[in-house]
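Pasted below: work24.cif, mmCIF, C-alpha atoms.
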```cif
data_input
loop_
_atom_site.label_atom_id
_atom_site.label_comp_id
_atom_site.auth_asym_id
_atom_site.auth_seq_id
_atom_site.Cartn_x
_atom_site.Cartn_y
_atom_site.Cartn_z
CA ASP A 1 15.85 9.67 -17.52
CA THR A 2 12.53 8.74 -15.90
CA GLU A 3 11.96 5.49 -17.74
CA VAL A 4 10.61 2.28 -16.35
CA THR A 5 10.59 -0.61 -18.83
CA GLN A 6 8.40 -3.69 -18.74
CA THR A 7 8.46 -6.91 -20.72
CA PRO A 8 6.63 -8.46 -22.37
CA LYS A 9 4.17 -5.89 -23.67
CA HIS A 10 1.49 -8.53 -24.23
CA LEU A 11 1.14 -12.02 -22.76
CA VAL A 12 -1.44 -14.72 -23.36
CA MET A 13 -1.28 -17.72 -21.06
CA GLY A 14 -3.36 -20.73 -20.17
CA MET A 15 -4.47 -21.46 -16.65
CA THR A 16 -1.83 -24.16 -16.21
CA ASN A 17 1.11 -22.11 -17.51
CA LYS A 18 3.94 -20.48 -15.58
CA LYS A 19 5.17 -17.16 -16.82
CA SER A 20 7.01 -14.10 -15.51
CA LEU A 21 6.67 -10.37 -15.97
CA LYS A 22 9.78 -8.22 -15.78
CA CYS A 23 10.33 -4.61 -14.81
CA GLU A 24 13.53 -2.55 -14.85
CA GLN A 25 14.46 0.98 -13.84
CA HIS A 26 17.78 2.81 -13.84
CA MET A 27 16.82 5.90 -11.88
CA GLY A 28 18.39 4.64 -8.67
CA HIS A 29 14.98 4.33 -7.04
CA ARG A 30 14.83 2.09 -3.99
CA ALA A 31 11.07 1.45 -3.91
CA MET A 32 9.31 -0.60 -6.59
CA TYR A 33 5.65 -1.46 -6.98
CA TRP A 34 3.35 -3.86 -8.80
CA TYR A 35 -0.17 -2.74 -9.69
CA LYS A 36 -3.09 -4.45 -11.39
CA GLN A 37 -5.41 -2.33 -13.53
CA LYS A 38 -8.74 -3.44 -14.93
CA ALA A 39 -10.40 -1.56 -17.76
CA LYS A 40 -11.75 1.88 -16.85
CA LYS A 41 -10.49 1.56 -13.24
CA PRO A 42 -7.59 3.09 -11.34
CA PRO A 43 -4.55 0.90 -10.61
CA GLU A 44 -4.79 -1.38 -7.57
CA LEU A 45 -1.66 -1.85 -5.49
CA MET A 46 -0.42 -5.44 -5.23
CA PHE A 47 3.12 -5.38 -3.81
CA VAL A 48 5.72 -2.89 -2.62
CA TYR A 49 9.45 -3.54 -2.34
CA SER A 50 11.62 -1.15 -0.38
CA TYR A 51 15.39 -1.60 -0.50
CA GLU A 52 14.86 -5.00 -2.14
CA LYS A 53 12.66 -6.27 0.69
CA LEU A 54 8.97 -7.01 0.37
CA SER A 55 7.25 -4.41 2.50
CA ILE A 56 3.62 -4.55 1.45
CA ASN A 57 1.53 -7.45 0.14
CA GLU A 58 -2.05 -6.35 -0.36
CA SER A 59 -3.46 -9.83 0.33
CA VAL A 60 -2.64 -10.93 -3.19
CA PRO A 61 -3.36 -14.61 -4.01
CA SER A 62 -0.30 -16.87 -3.90
CA ARG A 63 -0.55 -17.56 -7.64
CA PHE A 64 1.22 -14.19 -7.94
CA SER A 65 4.78 -14.31 -6.60
CA PRO A 66 6.96 -11.18 -6.65
CA GLU A 67 10.74 -11.12 -6.67
CA CYS A 68 13.27 -8.31 -6.46
CA PRO A 69 16.69 -9.68 -7.52
CA ASN A 70 18.41 -6.30 -7.17
CA SER A 71 17.61 -2.64 -6.81
CA SER A 72 16.91 -2.19 -10.54
CA LEU A 73 14.83 -5.26 -11.29
CA LEU A 74 11.40 -6.47 -10.26
CA ASN A 75 9.73 -9.67 -11.40
CA LEU A 76 6.22 -11.03 -11.02
CA HIS A 77 5.94 -14.79 -11.35
CA LEU A 78 2.58 -16.13 -12.46
CA HIS A 79 1.25 -19.64 -11.96
CA ALA A 80 -2.18 -21.24 -12.26
CA LEU A 81 -3.92 -17.97 -13.00
CA GLN A 82 -7.65 -17.53 -13.48
CA PRO A 83 -9.42 -15.72 -16.34
CA GLU A 84 -10.34 -12.92 -13.93
CA ASP A 85 -6.63 -12.19 -13.55
CA SER A 86 -6.62 -10.82 -17.08
CA ALA A 87 -5.64 -7.15 -16.74
CA LEU A 88 -2.92 -4.58 -17.36
CA TYR A 89 -0.04 -5.10 -14.91
CA LEU A 90 1.90 -1.98 -14.15
CA CYS A 91 5.27 -1.58 -12.50
CA ALA A 92 6.32 1.66 -10.83
CA SER A 93 9.29 3.00 -8.92
CA SER A 94 10.00 5.88 -6.59
CA GLN A 95 12.66 7.25 -4.33
CA PRO A 96 11.46 7.10 -0.74
CA GLY A 97 11.46 10.51 0.88
CA GLN A 98 11.02 12.61 -2.27
CA ALA A 99 7.35 13.49 -2.41
CA TYR A 100 6.66 9.82 -3.14
CA GLU A 101 6.05 10.48 -6.84
CA GLN A 102 5.93 7.21 -8.66
CA TYR A 103 7.06 6.62 -12.24
CA PHE A 104 5.16 3.96 -14.13
CA GLY A 105 6.15 1.59 -16.88
CA PRO A 106 3.98 0.99 -19.97
CA GLY A 107 2.52 -2.17 -18.52
CA THR A 108 2.03 -5.78 -19.60
CA ARG A 109 -1.36 -6.63 -21.03
CA LEU A 110 -2.12 -10.13 -19.66
CA THR A 111 -4.83 -12.40 -21.02
CA VAL A 112 -5.55 -15.68 -19.25
CA THR A 113 -7.40 -18.23 -21.37
CA GLY B 1 -8.45 6.95 5.83
CA ASP B 2 -6.99 8.91 2.93
CA SER B 3 -9.07 9.15 -0.23
CA VAL B 4 -9.52 11.07 -3.47
CA THR B 5 -12.78 12.03 -5.16
CA GLN B 6 -12.79 12.93 -8.83
CA MET B 7 -15.60 14.34 -10.90
CA GLU B 8 -17.48 11.77 -12.90
CA GLY B 9 -16.82 11.51 -16.58
CA PRO B 10 -16.69 11.17 -19.39
CA VAL B 11 -15.85 14.73 -20.39
CA THR B 12 -16.24 15.64 -24.06
CA LEU B 13 -14.93 18.95 -25.40
CA SER B 14 -14.21 20.65 -28.69
CA GLU B 15 -10.66 21.59 -29.54
CA GLU B 16 -9.50 24.87 -27.89
CA ALA B 17 -12.15 24.63 -25.16
CA PHE B 18 -11.33 25.23 -21.49
CA LEU B 19 -10.90 22.15 -19.33
CA THR B 20 -11.55 21.67 -15.63
CA ILE B 21 -11.48 18.29 -13.90
CA ASN B 22 -12.38 18.54 -10.24
CA CYS B 23 -10.49 16.65 -7.57
CA THR B 24 -10.95 16.80 -3.80
CA TYR B 25 -9.15 14.80 -1.17
CA THR B 26 -9.37 13.59 2.40
CA ALA B 27 -6.14 13.15 4.33
CA THR B 28 -5.09 13.17 7.95
CA GLY B 29 -1.60 14.52 7.34
CA TYR B 30 0.07 16.73 4.75
CA PRO B 31 -0.16 14.81 1.50
CA SER B 32 1.55 15.35 -1.82
CA LEU B 33 -0.87 15.61 -4.72
CA PHE B 34 -0.48 14.39 -8.29
CA TRP B 35 -2.21 14.25 -11.63
CA TYR B 36 -1.41 11.26 -13.83
CA VAL B 37 -2.49 10.81 -17.44
CA GLN B 38 -3.04 7.51 -19.22
CA TYR B 39 -3.21 7.45 -23.01
CA PRO B 40 -4.94 4.48 -24.68
CA GLY B 41 -2.92 1.29 -24.38
CA GLU B 42 -0.22 2.88 -22.24
CA GLY B 43 0.90 3.15 -18.62
CA LEU B 44 0.42 6.15 -16.36
CA GLN B 45 2.52 9.26 -16.90
CA LEU B 46 3.10 11.79 -14.16
CA LEU B 47 1.57 15.01 -15.47
CA LEU B 48 2.18 17.36 -12.55
CA LYS B 49 2.57 17.45 -8.80
CA ALA B 50 2.35 19.72 -5.76
CA THR B 51 3.87 18.93 -2.39
CA LYS B 52 2.53 21.65 -0.09
CA ALA B 53 -0.35 24.07 0.28
CA ASP B 54 -0.56 26.83 -2.37
CA ASP B 55 1.95 25.07 -4.64
CA LYS B 56 0.99 25.18 -8.30
CA GLY B 57 2.00 22.27 -10.47
CA SER B 58 2.17 22.83 -14.23
CA ASN B 59 3.17 20.89 -17.33
CA LYS B 60 2.21 20.90 -21.03
CA GLY B 61 -0.29 23.72 -20.47
CA PHE B 62 -2.02 21.92 -17.60
CA GLU B 63 -2.12 23.47 -14.13
CA ALA B 64 -3.38 22.52 -10.68
CA THR B 65 -3.11 24.39 -7.38
CA TYR B 66 -2.94 22.66 -4.00
CA ARG B 67 -5.75 24.26 -1.95
CA LYS B 68 -5.64 23.15 1.65
CA GLU B 69 -8.61 25.27 2.70
CA THR B 70 -10.90 23.55 0.20
CA THR B 71 -8.93 20.25 0.10
CA SER B 72 -8.89 20.47 -3.68
CA PHE B 73 -6.45 20.00 -6.57
CA HIS B 74 -8.47 20.77 -9.70
CA LEU B 75 -6.84 20.22 -13.09
CA GLU B 76 -7.19 23.01 -15.68
CA LYS B 77 -6.07 23.72 -19.21
CA GLY B 78 -6.95 26.82 -21.15
CA SER B 79 -7.14 25.28 -24.62
CA VAL B 80 -7.35 21.53 -25.09
CA GLN B 81 -6.14 19.65 -28.13
CA VAL B 82 -7.24 16.37 -29.69
CA SER B 83 -3.98 14.88 -28.44
CA ASP B 84 -5.08 15.53 -24.82
CA SER B 85 -7.71 12.79 -25.14
CA ALA B 86 -6.86 10.35 -22.36
CA VAL B 87 -7.85 9.24 -18.86
CA TYR B 88 -6.75 11.56 -16.06
CA PHE B 89 -6.18 10.31 -12.50
CA CYS B 90 -5.87 12.50 -9.44
CA ALA B 91 -3.79 10.90 -6.68
CA LEU B 92 -2.38 11.64 -3.25
CA SER B 93 0.51 10.30 -1.27
CA GLU B 94 0.91 10.80 2.43
CA GLY B 95 3.37 13.46 3.50
CA MET B 96 6.98 13.21 4.50
CA GLY B 97 6.13 12.43 8.08
CA ARG B 98 4.45 9.16 7.22
CA GLY B 99 7.39 7.32 5.73
CA SER B 100 6.23 3.94 6.94
CA THR B 101 3.55 3.86 4.26
CA LEU B 102 6.25 3.77 1.58
CA GLY B 103 4.53 6.29 -0.59
CA ARG B 104 1.23 4.52 -1.04
CA LEU B 105 -0.77 6.31 -3.74
CA TYR B 106 -4.49 6.79 -3.36
CA PHE B 107 -6.13 7.24 -6.76
CA GLY B 108 -9.37 8.83 -7.81
CA ARG B 109 -11.62 6.87 -10.13
CA GLY B 110 -10.23 8.54 -13.26
CA THR B 111 -11.88 10.90 -15.75
CA GLN B 112 -12.05 10.06 -19.44
CA LEU B 113 -11.46 13.15 -21.59
CA THR B 114 -12.34 13.13 -25.29
CA VAL B 115 -11.50 16.15 -27.41
CA TRP B 116 -13.12 16.51 -30.85
CA PRO B 117 -11.55 18.51 -33.69
#
```

Same coordinates, now as C-alpha cells:
Amino acid sequence: DTEVTQTPKHLVMGMTNKKSLKCEQHMGHRAMYWYKQKAKKPPELMFVYSYEKLSINESVPSRFSPECPNSSLLNLHLHALQPEDSALYLCASSQPGQAYEQYFGPGTRLTVT
Amino acid sequence: GDSVTQMEGPVTLSEEAFLTINCTYTATGYPSLFWYVQYPGEGLQLLLKATKADDKGSNKGFEATYRKETTSFHLEKGSVQVSDSAVYFCALSEGMGRGSTLGRLYFGRGTQLTVWP
C-alpha cells in the first residue's frame, strides 16, 4: 500500500482563523514532507521531518507551524494567513536510504479569504 | 547546485501519437531520477524511477532511461491515450551518499500534456 491520505480535501479560511491540515501514512516511512504548490508550478518544499524531528525548514513564515505527533502523522497548523497563501498543500513521505522516492498525498486545496 | 530542466510545454497530441518529454539534469553526485504525473485536481503520483546509470524505468507504457553521458532522463510513450492528459514532472534526488539532504527532490518546471481523441 503506497497511500498517503490528507484531510481536509478543501479548506476556506479567513485571515484571522486558525486551522490545521492533517496527513497520515501507514507505509512505515520515517521521513515526511510538506510542500506548497501554486497553479502551473512544481511543488515547493516547506518542511521535512525525519524520525519525528524537524530537519528542514525552508524559511517558511511562522504563520505555518508543522507538527509530527508520531511516525505516521504530520500536521500543519495555520494561523493568520494571507491571501497569497492560497495554494495546494501536499504531504509526502519516504523511507530514508531507499532511492529517496517520495509518495504524495492528494493534497488540500486552501483558499484564504 | 542540483537542478532539472524540462522541455517547455504545453504539448498537444492526437491519440496514439508518440510522446517524448525531454528532461536533463545537473548534479554533483549520483542522483536518483523520477517522473511524477499530476492529474487535474490531484496530488503527484510516482510514474517511474531509475537509480543508476543505464537503468530503464517503466510503468503504464511509459519509459525513461537514465543516461549519465548526456545527463538526460527523457520520458517516452509509444501510443498516448486521452487519459494520459496531465502534467508531468521530472525530478532528481541526490544519491545514497548524500543522506544528510534527507532526499530533497529537485523538480523540473512541469510539462502539460493534452491528448485529443

Proximity of chain A to chain B: per-residue shortest pair, 12 Å limit, only C-alpha atoms, as a tab-separated table:
```
residue	atom	partner	partner_atom	distance
A:Thr2	CA	B:Leu46	CA	10.1
A:Glu3	CA	B:Gln45	CA	10.2
A:Val4	CA	B:Gly43	CA	10.0
A:Thr5	CA	B:Gly43	CA	10.4
A:Gln6	CA	B:Gly43	CA	10.2
A:Lys9	CA	B:Glu42	CA	9.9
A:His10	CA	B:Gly41	CA	10.8
A:Arg30	CA	B:Leu102	CA	10.4
A:Ala31	CA	B:Leu102	CA	7.7
A:Met32	CA	B:Leu102	CA	9.8
A:Tyr33	CA	B:Arg104	CA	9.5
A:Trp34	CA	B:Arg104	CA	11.6
A:Tyr35	CA	B:Gly43	CA	10.8
A:Lys36	CA	B:Gly43	CA	11.2
A:Gln37	CA	B:Gly43	CA	9.8
A:Lys38	CA	B:Arg109	CA	11.7
A:Ala39	CA	B:Gly41	CA	10.4
A:Lys40	CA	B:Gly110	CA	7.7
A:Lys41	CA	B:Arg109	CA	6.3
A:Pro42	CA	B:Arg109	CA	5.7
A:Pro43	CA	B:Phe107	CA	7.6
A:Glu44	CA	B:Phe107	CA	8.8
A:Leu45	CA	B:Arg104	CA	8.3
A:Met46	CA	B:Arg104	CA	10.9
A:Phe47	CA	B:Arg104	CA	10.5
A:Val48	CA	B:Leu102	CA	7.9
A:Tyr49	CA	B:Leu102	CA	8.9
A:Ser50	CA	B:Leu102	CA	7.5
A:Tyr51	CA	B:Leu102	CA	10.8
A:Lys53	CA	B:Leu102	CA	11.9
A:Leu54	CA	B:Leu102	CA	11.2
A:Ser55	CA	B:Leu102	CA	8.3
A:Ile56	CA	B:Leu102	CA	8.7
A:Glu58	CA	B:Arg104	CA	11.4
A:Ala87	CA	B:Gly41	CA	11.7
A:Leu88	CA	B:Gly43	CA	8.7
A:Tyr89	CA	B:Gly43	CA	9.1
A:Leu90	CA	B:Gly43	CA	6.9
A:Cys91	CA	B:Gly43	CA	8.9
A:Ala92	CA	B:Leu44	CA	9.2
A:Ser93	CA	B:Gly103	CA	10.1
A:Ser94	CA	B:Gly103	CA	8.1
A:Gln95	CA	B:Gly103	CA	9.0
A:Pro96	CA	B:Leu102	CA	6.6
A:Gly97	CA	B:Met96	CA	6.4
A:Gln98	CA	B:Met96	CA	7.9
A:Ala99	CA	B:Ser32	CA	6.1
A:Tyr100	CA	B:Gly103	CA	4.8
A:Glu101	CA	B:Gly103	CA	7.7
A:Gln102	CA	B:Leu46	CA	7.7
A:Tyr103	CA	B:Leu46	CA	6.8
A:Phe104	CA	B:Leu44	CA	5.7
A:Gly105	CA	B:Gly43	CA	5.7
A:Pro106	CA	B:Gly43	CA	4.0
A:Gly107	CA	B:Gly43	CA	5.6
A:Thr108	CA	B:Gly43	CA	9.1
A:Arg109	CA	B:Gly41	CA	8.7
```

Expanded to explicit residues, what is the PyMOL selection byres ((chain B and resi 3) around 7) for this file, as a PyMOL selection string?
chain B and resi 1-2+4-5+25-27+106

Report, in Å with one decimal, the straight-line distance from atom CA of B:Thr70 to atom CA of B:Val11.
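Atom-to-atom, atom CA of B:Thr70 to atom CA of B:Val11, that is 22.9 Å.
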
Test item: residues at most 10 Å from A:Ser62, only C-alpha atoms, excluding those fewer than 2 positions along its chain, as an MDAnalysis selection string:
chainID A and resid 59:60 64:66 77:81

Selection file, C-alpha atoms, as a compact mmCIF listing (two decimals), in the coordinates of the input:
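For reference, part25.txt as written:
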```txt
# COMPACT_ATOMS: atom_id res chain seq x y z
CA SER A 59 -3.46 -9.83 0.33
CA VAL A 60 -2.64 -10.93 -3.19
CA PHE A 64 1.22 -14.19 -7.94
CA SER A 65 4.78 -14.31 -6.60
CA PRO A 66 6.96 -11.18 -6.65
CA HIS A 77 5.94 -14.79 -11.35
CA LEU A 78 2.58 -16.13 -12.46
CA HIS A 79 1.25 -19.64 -11.96
CA ALA A 80 -2.18 -21.24 -12.26
CA LEU A 81 -3.92 -17.97 -13.00
```

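The two atoms in question, atom CA of B:Met7 and atom CA of B:Thr24, are spaced 8.8 Å apart.
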
Can you measure atom CA of A:Leu21 to atom CA of A:Leu110 for me? One decimal in Å is fine.
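Distance reported for this atom pair: 9.5 Å.
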